[in-house]
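Participant: Pasting in a structure now, in structure tokens, and then I'll have a few things to ask.
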Amino acid sequence: MSQTIKVDTLIKTFQVPEREAGLKAAVGSLFKRKYREVEAVKKISFGIDAGEIVGFLGPNGAGKTTTLKMLAGLLFPTSGQIDVLGYEPQRREKELLRQITIVMGQRNQLMWDIPALDSFELQRAIYQIPEGEFRRMRDELIDLLNMGDLVKKPVRNLSLGERMKAEFISALLHRPKVLFLDEPTIGLDVTAQRLIREFVAAYNQRYQASVMLTSHYMADVQALCKRVIVIHHGQLLYDGGLAGLVEKFAAYKTIGVTLNDPDLDLSEYGEIISNSKGQVNLRVPKSATAQITTRLLNEVAISDLTIEDPAIDSIIEQVFQQEAQVV
Amino acid sequence: MVYLRLFWIFLRVSVISEFQYRVNFFVQLFQSALALGTGLVAMSLVFSYTQNLAGWTQPELLAVMGVHIIVGGLIKTVIQPNMNRLIEDIQEGTLDFALTKPADAQAIISVREFRIWQLIDLVLGSVVLGYAISQLSTSLGWLSALAFAAAVLLGGLMIYSVWLMLSVGAFWIIRADNFLEIFDSLYQAGRWPVSIYPGWLKHTLTFVLPIAFAVTLPAETLARQLNGQNLLFALGLTVLLLVVSRLFWRFGLRHYTGASA
């Protein structure tokens with residue numbers, strides 16, 4: 001499969017004014033400013049195939065948005081190469097911009113006072129989409145997202161979820177091949193989140209588009225991304241399958257046992273996470289899982305036993321608590 | 001062609017959204033009438049003491065006032081709302097959307113907003129100007145009318161360029177709103193012909209903020225004599241300002257980092 005996005009040793013440094021607290025320093029900085037260099041992205045390399053959905057993970061300030069913005073041509077890289085569909089994004093060539101889109105959960109581009117349907121016309125003019133193609137795509141997207149007549153209501157009268165759906169329609173009318181989604185489900189209720197997720201999956205299937213997704217909701221990532229890229233402090237921590245991430249970073253497993261005698265104390269086997277009426281969940285170090293399981297089976301009267309990986313959220317959290325080490 | 005179409009669609013969309021706030025029409029009408037009234041009172045006060053002001057007769061000054069209202073209306077209809085939106089977008093990071101569109105970003109950010117109710121000033125200003133002309137002894141040929149339209153257009157483009165450069169300042173100084181207030185108060189000075197002011201202010205109003213070209217010159221082409229040399233100079237300055245502001249815009253873009261990067 002062909003790669004749509006190629007990133008090679010990408011670096012971005014920002015000059016940030018440095019200022020000490022206090023009035024004197026504030027007045028002083030009016031005349032003479034000291035600058036400090038902050039490396040937001042440090043030598044990141046990766047590639048993304050056509051039709052692939054990749055989760056882009058990292059805590060706030062890890063460099064996710066900076067990287068996405070460089071990929072979309074909004075920021076100039078300090079050094080390194082980016083190739084999106086054969087173009088250098090920072091040159092902002094129309095041929096490239098016509099094939100990409102950016103959706104930000106926290107920022108809207110639809111006009112507030114008018115129906116989304118009228119804003120779509122603006123998109124059509126800007127992207128110069130032929131009338132017939134535009135109508136077909138618009139109606140298809142409205143249908144996929146179940147928007148119906150909602151597109152005829154002024155955007156300000158829509159719920160948050162409906163507004164986000166309309167944003168998606170507007171952002172995809174030109175049938176982009178590369179989608180940058182920055183927290184697209186933020187603040188939405190569970191139902192709306194699921195709908196957006198299903199929609200992204202459907203669009204990706206139908207048009208073989210590449211999708212880069214950042215999200216704080218692991219449910220989004222688990223539902224959509226087979227592959228994740230994890231960055232922390234501007235460095236690449238992990239690039240690979242979601243399952244592999246669990247394998248690599250989960251230091252613990254959870255053993256669930258159902259006891260014949262509910263009053264039995266299992267704390268000598270591992271850390272008890274929960275205990276209700278003989279249903280006990282134990283947290284044990286991954287390397288000791290086999291040994292502890294054998295001991296439990298031999299030493300305790302048990303009617304059922306399960307071994308599970310911890311929830312992906314807690315793994316991610318754990319990863320971010322570690323200091324960055326290059327893999 | 002594409003950009004003309006874009007302009008038209010943005011205009012259409014703005015009209016749709018403006019019509020949702022019809023009350024604004026009446027508020028604007030009241031505001032404009034009030035401004036016109038105070039302007040006229042001030043002028044009649046001046047002329048109760050003297051018959052001419054630095055060589056300008058009352059009808060001539062009235063013409064300047066009319067043009068001042070017309071140009072001010074154009075600024076408030078197109079230039080000001082778009083530039084305010086630009087600064088807002090820079091502050092909030094929503095400029096990203098305009099910058100990822102396959103069209104010239106400067107063109108997009110310049111024609112996104114229209115405050116159509118501000119066009120009331122265009123009507124009011126035209127009435128004042130029309131009355132002023134009827135009081136003048138000179139008769140108007142189509143040539144002066146054409147020159148007048150050209151002068152207003154050039155003046156508008158100059159003000160747009162200067163305003164764009166000030167707004168682009170928001171790439172570095174996030175709170176660029178303050179600049180624009182300075183502009184607003186200086187524009188008020190344009191109600192009187194620029195030649196009545198002392199040297200330093202006259203030069204500021206001519207070359208730094210080209211209000212002399214946007215207001216006094218068009219009024220002059222109508223009320224006095226068409227001065228081809230001045231008009232040609234205005235054309236040159238407009239081209240220069242357009243080029244410089246475009247370069248500055250592109251330079252600013254390189255420094256754009258977007259809010260909460």
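Here's how to read the names in the structure tokens: chain A, B, ... by the order shown, residue numbers from 1 in each chain, ligand numbers from 1 in the order shown.
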Residues within 10 Å of Gly125 (chain B), please, as a PyMOL selection string. Count only C-alpha atoms; anything in the same chain fewer than 2 positions from it doesn't count.

Facilitator: chain B and resi 32+36+62-73+119-123+127-131

Participant: Atoms to include: C-alpha atoms. Write the selected residues as a short mmCIF file (atom, residue, chain, number, x, y, z; two decimals), in the first residue's frame.

Facilitator:
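Contents of part_0.cif, as written:
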data_model
loop_
_atom_site.label_atom_id
_atom_site.label_comp_id
_atom_site.auth_asym_id
_atom_site.auth_seq_id
_atom_site.Cartn_x
_atom_site.Cartn_y
_atom_site.Cartn_z
CA SER B 32 -25.75 57.42 12.12
CA LEU B 36 -24.55 63.35 11.36
CA LEU B 62 -19.89 69.75 3.70
CA ALA B 63 -18.66 67.71 0.74
CA VAL B 64 -15.68 66.55 2.78
CA MET B 65 -18.06 65.56 5.55
CA GLY B 66 -20.24 63.65 3.11
CA VAL B 67 -17.27 61.75 1.76
CA HIS B 68 -16.06 61.12 5.30
CA ILE B 69 -19.39 59.49 6.13
CA ILE B 70 -19.43 57.47 2.90
CA VAL B 71 -15.89 56.15 3.29
CA GLY B 72 -16.49 55.54 7.00
CA GLY B 73 -19.54 53.50 6.06
CA LEU B 119 -24.45 50.85 4.54
CA ILE B 120 -26.92 53.34 6.02
CA ASP B 121 -23.92 55.63 6.28
CA LEU B 122 -23.40 55.24 2.57
CA VAL B 123 -26.90 56.55 1.93
CA VAL B 127 -27.36 62.75 0.72
CA VAL B 128 -24.97 65.14 2.46
CA LEU B 129 -22.59 65.05 -0.48
CA GLY B 130 -25.41 65.61 -2.96
CA TYR B 131 -26.66 68.61 -1.04
#

Participant: What's the 9 Å shell around region 269-275 of chain A, counting only C-alpha atoms, without same-chain residues fewer than 3 positions away, as a PyMOL selection string?

Facilitator: chain A and resi 254+266+278-285+292+295-296

Participant: Using only C-alpha atoms, determine which residues of chain A fall within 8 Å of chain B; present them as number ranges by chain.

Facilitator: A: 65-66, 72-76, 92-98, 101-102, 107-109, 113-114, 118-119, 121-122, 125-127

Participant: Would you export the selected residues with C-alpha atoms as an mmCIF file, in the first residue's frame, please?

Facilitator:
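Saved result, again_0.cif, follows:
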data_model
loop_
_atom_site.group_PDB
_atom_site.id
_atom_site.type_symbol
_atom_site.label_atom_id
_atom_site.label_comp_id
_atom_site.auth_asym_id
_atom_site.auth_seq_id
_atom_site.Cartn_x
_atom_site.Cartn_y
_atom_site.Cartn_z
ATOM 1 C CA THR A 65 -1.076 19.456 17.990
ATOM 2 C CA THR A 66 2.238 20.958 16.896
ATOM 3 C CA ALA A 72 -1.505 20.441 7.734
ATOM 4 C CA GLY A 73 0.940 23.135 6.635
ATOM 5 C CA LEU A 74 0.043 25.571 9.393
ATOM 6 C CA LEU A 75 3.445 25.591 11.029
ATOM 7 C CA PHE A 76 6.867 25.664 9.452
ATOM 8 C CA ARG A 92 0.481 25.289 1.173
ATOM 9 C CA GLU A 93 -0.099 24.362 -2.429
ATOM 10 C CA LYS A 94 -3.734 24.350 -3.489
ATOM 11 C CA GLU A 95 -3.444 20.859 -4.952
ATOM 12 C CA LEU A 96 -2.588 19.522 -1.508
ATOM 13 C CA LEU A 97 -5.054 21.642 0.459
ATOM 14 C CA ARG A 98 -7.839 20.380 -1.776
ATOM 15 C CA THR A 101 -9.073 18.455 5.931
ATOM 16 C CA ILE A 102 -8.775 19.404 9.542
ATOM 17 C CA ARG A 107 -13.034 25.074 17.327
ATOM 18 C CA ASN A 108 -15.802 25.532 14.846
ATOM 19 C CA GLN A 109 -15.796 26.858 11.356
ATOM 20 C CA ASP A 113 -26.205 32.459 12.725
ATOM 21 C CA ILE A 114 -27.098 30.639 9.562
ATOM 22 C CA ASP A 118 -25.727 27.708 3.692
ATOM 23 C CA SER A 119 -22.224 27.301 5.096
ATOM 24 C CA GLU A 121 -22.278 26.445 -0.118
ATOM 25 C CA LEU A 122 -19.261 28.433 1.028
ATOM 26 C CA ALA A 125 -17.186 27.757 -3.642
ATOM 27 C CA ILE A 126 -13.854 27.608 -1.854
ATOM 28 C CA TYR A 127 -13.070 24.054 -2.953
#

Participant: Could you write out, as a PyMOL selection string, all the residues of region 62-174 of chain B that DSSP marks as helix (DSSP H, G or I)?

Facilitator: chain B and resi 62-92+95-99+105-110+116-135+142-171

Participant: With C-alpha atoms retained, export the selected residues as a PDB file, in the first residue's frame.

Facilitator:
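Result file is part-v8.pdb:
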ATOM      1  CA  LEU B  62     -19.887  69.753   3.695  1.00  0.00           C
ATOM      2  CA  ALA B  63     -18.665  67.706   0.739  1.00  0.00           C
ATOM      3  CA  VAL B  64     -15.683  66.552   2.782  1.00  0.00           C
ATOM      4  CA  MET B  65     -18.056  65.557   5.554  1.00  0.00           C
ATOM      5  CA  GLY B  66     -20.238  63.649   3.110  1.00  0.00           C
ATOM      6  CA  VAL B  67     -17.265  61.746   1.765  1.00  0.00           C
ATOM      7  CA  HIS B  68     -16.061  61.116   5.296  1.00  0.00           C
ATOM      8  CA  ILE B  69     -19.391  59.495   6.129  1.00  0.00           C
ATOM      9  CA  ILE B  70     -19.430  57.470   2.904  1.00  0.00           C
ATOM     10  CA  VAL B  71     -15.891  56.153   3.294  1.00  0.00           C
ATOM     11  CA  GLY B  72     -16.488  55.538   7.002  1.00  0.00           C
ATOM     12  CA  GLY B  73     -19.541  53.501   6.055  1.00  0.00           C
ATOM     13  CA  LEU B  74     -17.521  51.432   3.613  1.00  0.00           C
ATOM     14  CA  ILE B  75     -14.856  50.835   6.244  1.00  0.00           C
ATOM     15  CA  LYS B  76     -17.440  49.706   8.780  1.00  0.00           C
ATOM     16  CA  THR B  77     -19.225  47.525   6.230  1.00  0.00           C
ATOM     17  CA  VAL B  78     -16.247  45.559   4.959  1.00  0.00           C
ATOM     18  CA  ILE B  79     -12.808  46.451   6.266  1.00  0.00           C
ATOM     19  CA  GLN B  80     -13.394  46.741   9.983  1.00  0.00           C
ATOM     20  CA  PRO B  81     -15.488  43.568  10.465  1.00  0.00           C
ATOM     21  CA  ASN B  82     -13.055  41.472   8.452  1.00  0.00           C
ATOM     22  CA  MET B  83     -10.008  42.777  10.247  1.00  0.00           C
ATOM     23  CA  ASN B  84     -11.663  42.309  13.640  1.00  0.00           C
ATOM     24  CA  ARG B  85     -12.497  38.756  12.663  1.00  0.00           C
ATOM     25  CA  LEU B  86      -8.889  38.204  11.599  1.00  0.00           C
ATOM     26  CA  ILE B  87      -7.584  39.331  14.975  1.00  0.00           C
ATOM     27  CA  GLU B  88     -10.174  37.197  16.726  1.00  0.00           C
ATOM     28  CA  ASP B  89      -9.199  34.202  14.625  1.00  0.00           C
ATOM     29  CA  ILE B  90      -5.535  34.717  15.405  1.00  0.00           C
ATOM     30  CA  GLN B  91      -6.326  34.927  19.103  1.00  0.00           C
ATOM     31  CA  GLU B  92      -8.522  31.866  19.126  1.00  0.00           C
ATOM     32  CA  LEU B  95      -7.422  31.056  11.552  1.00  0.00           C
ATOM     33  CA  ASP B  96      -6.301  27.468  10.929  1.00  0.00           C
ATOM     34  CA  PHE B  97      -9.474  26.886   8.976  1.00  0.00           C
ATOM     35  CA  ALA B  98      -8.857  29.779   6.604  1.00  0.00           C
ATOM     36  CA  LEU B  99      -5.243  28.750   6.151  1.00  0.00           C
ATOM     37  CA  ALA B 105      -5.872  33.001   2.463  1.00  0.00           C
ATOM     38  CA  GLN B 106      -5.583  36.784   2.276  1.00  0.00           C
ATOM     39  CA  ALA B 107      -8.534  36.909  -0.104  1.00  0.00           C
ATOM     40  CA  ILE B 108     -10.602  34.740   2.219  1.00  0.00           C
ATOM     41  CA  ILE B 109      -9.863  36.697   5.372  1.00  0.00           C
ATOM     42  CA  SER B 110     -10.598  39.974   3.596  1.00  0.00           C
ATOM     43  CA  ILE B 116     -24.765  45.498   5.695  1.00  0.00           C
ATOM     44  CA  TRP B 117     -26.618  47.770   8.107  1.00  0.00           C
ATOM     45  CA  GLN B 118     -23.570  50.018   8.119  1.00  0.00           C
ATOM     46  CA  LEU B 119     -24.450  50.853   4.541  1.00  0.00           C
ATOM     47  CA  ILE B 120     -26.918  53.336   6.017  1.00  0.00           C
ATOM     48  CA  ASP B 121     -23.922  55.632   6.278  1.00  0.00           C
ATOM     49  CA  LEU B 122     -23.404  55.242   2.572  1.00  0.00           C
ATOM     50  CA  VAL B 123     -26.901  56.547   1.925  1.00  0.00           C
ATOM     51  CA  LEU B 124     -26.667  59.318   4.502  1.00  0.00           C
ATOM     52  CA  GLY B 125     -23.246  60.399   3.271  1.00  0.00           C
ATOM     53  CA  SER B 126     -24.483  60.484  -0.312  1.00  0.00           C
ATOM     54  CA  VAL B 127     -27.359  62.751   0.716  1.00  0.00           C
ATOM     55  CA  VAL B 128     -24.971  65.144   2.463  1.00  0.00           C
ATOM     56  CA  LEU B 129     -22.590  65.049  -0.477  1.00  0.00           C
ATOM     57  CA  GLY B 130     -25.409  65.607  -2.961  1.00  0.00           C
ATOM     58  CA  TYR B 131     -26.660  68.612  -1.045  1.00  0.00           C
ATOM     59  CA  ALA B 132     -23.136  70.019  -0.793  1.00  0.00           C
ATOM     60  CA  ILE B 133     -22.651  69.713  -4.534  1.00  0.00           C
ATOM     61  CA  SER B 134     -25.940  71.453  -5.235  1.00  0.00           C
ATOM     62  CA  GLN B 135     -24.654  74.392  -3.161  1.00  0.00           C
ATOM     63  CA  TRP B 142     -18.947  62.671 -15.807  1.00  0.00           C
ATOM     64  CA  LEU B 143     -15.175  62.853 -15.701  1.00  0.00           C
ATOM     65  CA  SER B 144     -15.132  64.233 -12.165  1.00  0.00           C
ATOM     66  CA  ALA B 145     -17.711  61.666 -11.133  1.00  0.00           C
ATOM     67  CA  LEU B 146     -15.490  58.925 -12.477  1.00  0.00           C
ATOM     68  CA  ALA B 147     -12.433  60.446 -10.829  1.00  0.00           C
ATOM     69  CA  PHE B 148     -14.360  60.623  -7.581  1.00  0.00           C
ATOM     70  CA  ALA B 149     -15.283  56.940  -7.726  1.00  0.00           C
ATOM     71  CA  ALA B 150     -11.673  56.050  -8.519  1.00  0.00           C
ATOM     72  CA  ALA B 151     -10.413  58.197  -5.651  1.00  0.00           C
ATOM     73  CA  VAL B 152     -12.805  56.542  -3.174  1.00  0.00           C
ATOM     74  CA  LEU B 153     -11.810  53.084  -4.392  1.00  0.00           C
ATOM     75  CA  LEU B 154      -8.100  53.861  -4.106  1.00  0.00           C
ATOM     76  CA  GLY B 155      -8.625  55.409  -0.676  1.00  0.00           C
ATOM     77  CA  GLY B 156     -10.514  52.325   0.464  1.00  0.00           C
ATOM     78  CA  LEU B 157      -7.749  50.023  -0.756  1.00  0.00           C
ATOM     79  CA  MET B 158      -5.132  52.118   1.029  1.00  0.00           C
ATOM     80  CA  ILE B 159      -7.017  51.989   4.284  1.00  0.00           C
ATOM     81  CA  TYR B 160      -7.497  48.257   3.844  1.00  0.00           C
ATOM     82  CA  SER B 161      -3.747  47.767   3.361  1.00  0.00           C
ATOM     83  CA  VAL B 162      -2.814  49.791   6.405  1.00  0.00           C
ATOM     84  CA  TRP B 163      -5.449  48.095   8.509  1.00  0.00           C
ATOM     85  CA  LEU B 164      -4.291  44.674   7.344  1.00  0.00           C
ATOM     86  CA  MET B 165      -0.744  45.464   8.387  1.00  0.00           C
ATOM     87  CA  LEU B 166      -1.930  46.594  11.807  1.00  0.00           C
ATOM     88  CA  SER B 167      -4.012  43.434  12.197  1.00  0.00           C
ATOM     89  CA  VAL B 168      -1.161  41.200  11.124  1.00  0.00           C
ATOM     90  CA  GLY B 169       0.603  42.626  14.173  1.00  0.00           C
ATOM     91  CA  ALA B 170      -1.623  40.220  16.101  1.00  0.00           C
ATOM     92  CA  PHE B 171       0.660  37.387  14.990  1.00  0.00           C
TER      93      PHE B 171
END

Participant: Can you write out as JSON lines which residues of region 53-157 of chain A fall within 9 Å of region 171-177 of chain A, alongside each residue's closest atom pair and its distance in Å to one decimal, counting only C-alpha atoms and ordering rows by chain and ascending residue number?

Facilitator:
{"residue": "A:Leu85", "atom": "CA", "partner": "A:Lys177", "partner_atom": "CA", "distance": 8.6}
{"residue": "A:Leu97", "atom": "CA", "partner": "A:Pro176", "partner_atom": "CA", "distance": 8.8}
{"residue": "A:Arg98", "atom": "CA", "partner": "A:Pro176", "partner_atom": "CA", "distance": 7.0}
{"residue": "A:Gln99", "atom": "CA", "partner": "A:Pro176", "partner_atom": "CA", "distance": 4.4}
{"residue": "A:Ile100", "atom": "CA", "partner": "A:Pro176", "partner_atom": "CA", "distance": 4.8}
{"residue": "A:Thr101", "atom": "CA", "partner": "A:Ala171", "partner_atom": "CA", "distance": 6.1}
{"residue": "A:Ile102", "atom": "CA", "partner": "A:Ala171", "partner_atom": "CA", "distance": 7.0}
{"residue": "A:Val103", "atom": "CA", "partner": "A:Ala171", "partner_atom": "CA", "distance": 6.8}
{"residue": "A:Gln109", "atom": "CA", "partner": "A:Ala171", "partner_atom": "CA", "distance": 9.0}
{"residue": "A:Phe120", "atom": "CA", "partner": "A:Leu173", "partner_atom": "CA", "distance": 7.8}
{"residue": "A:Gln123", "atom": "CA", "partner": "A:Leu173", "partner_atom": "CA", "distance": 7.5}
{"residue": "A:Arg124", "atom": "CA", "partner": "A:Leu173", "partner_atom": "CA", "distance": 7.6}
{"residue": "A:Tyr127", "atom": "CA", "partner": "A:His174", "partner_atom": "CA", "distance": 6.6}
{"residue": "A:Gln128", "atom": "CA", "partner": "A:His174", "partner_atom": "CA", "distance": 8.6}
{"residue": "A:Ile129", "atom": "CA", "partner": "A:His174", "partner_atom": "CA", "distance": 6.7}
{"residue": "A:Glu133", "atom": "CA", "partner": "A:His174", "partner_atom": "CA", "distance": 9.0}
{"residue": "A:Phe134", "atom": "CA", "partner": "A:Leu173", "partner_atom": "CA", "distance": 6.7}
{"residue": "A:Met137", "atom": "CA", "partner": "A:Leu173", "partner_atom": "CA", "distance": 6.0}
{"residue": "A:Arg138", "atom": "CA", "partner": "A:Leu173", "partner_atom": "CA", "distance": 6.1}
{"residue": "A:Leu141", "atom": "CA", "partner": "A:Leu173", "partner_atom": "CA", "distance": 7.9}

Participant: Using backbone DSSP assignments, extract all strand (DSSP E) residues from region 7-191 of chain B; output them as a PyMOL selection string.

Facilitator: chain B and resi 52-53+56-57

Participant: Which residue is closest to Ala214 (chain B)? Choose from B:Ala234, B:Val23, B:Ala42, B:Leu136 and count only C-alpha atoms.

Facilitator: B:Ala234

Participant: Counting only C-alpha atoms, what is within 7 Å of Asp239 (chain A), bar same-chain residues fewer than 6 positions away, as a PyMOL selection string?

Facilitator: chain A and resi 228-230

Participant: Skip Met104 (chain A) itself and residues of its chain fewer than 3 positions away, then list as a ChimeraX atom specification all residues within 7 Å of it, counting only C-alpha atoms.

Facilitator: /A:107,181-184

Participant: I want to know what sits within 9 Å of Ala202 (chain A), based on only C-alpha atoms, with residues of the same chain fewer than 5 positions away left out; could you give that as a PyMOL selection string?

Facilitator: chain A and resi 144+197+207

Participant: Could you please take those selected residues and save N, CA and C atoms as a PDB file, in the first residue's frame?

Facilitator:
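Generated file (selection.pdb):
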ATOM      1  N   LEU A 144     -25.340   9.688   6.195  1.00  0.00           N
ATOM      2  CA  LEU A 144     -24.459   8.887   7.048  1.00  0.00           C
ATOM      3  C   LEU A 144     -24.512   9.350   8.497  1.00  0.00           C
ATOM      4  N   ARG A 197     -17.658   8.277  15.825  1.00  0.00           N
ATOM      5  CA  ARG A 197     -16.709   7.188  15.608  1.00  0.00           C
ATOM      6  C   ARG A 197     -17.130   6.310  14.444  1.00  0.00           C
ATOM      7  N   TYR A 207     -13.812   5.678   1.365  1.00  0.00           N
ATOM      8  CA  TYR A 207     -12.936   6.474   0.496  1.00  0.00           C
ATOM      9  C   TYR A 207     -11.450   6.173   0.690  1.00  0.00           C
TER      10      TYR A 207
END

Participant: Which polymer residues have any atom within 7 Å of an atom of Ala192 (chain A), counting only C-alpha atoms, with same-chain residues fewer than 4 positions away left out, as a count of residues only?

Facilitator: 3
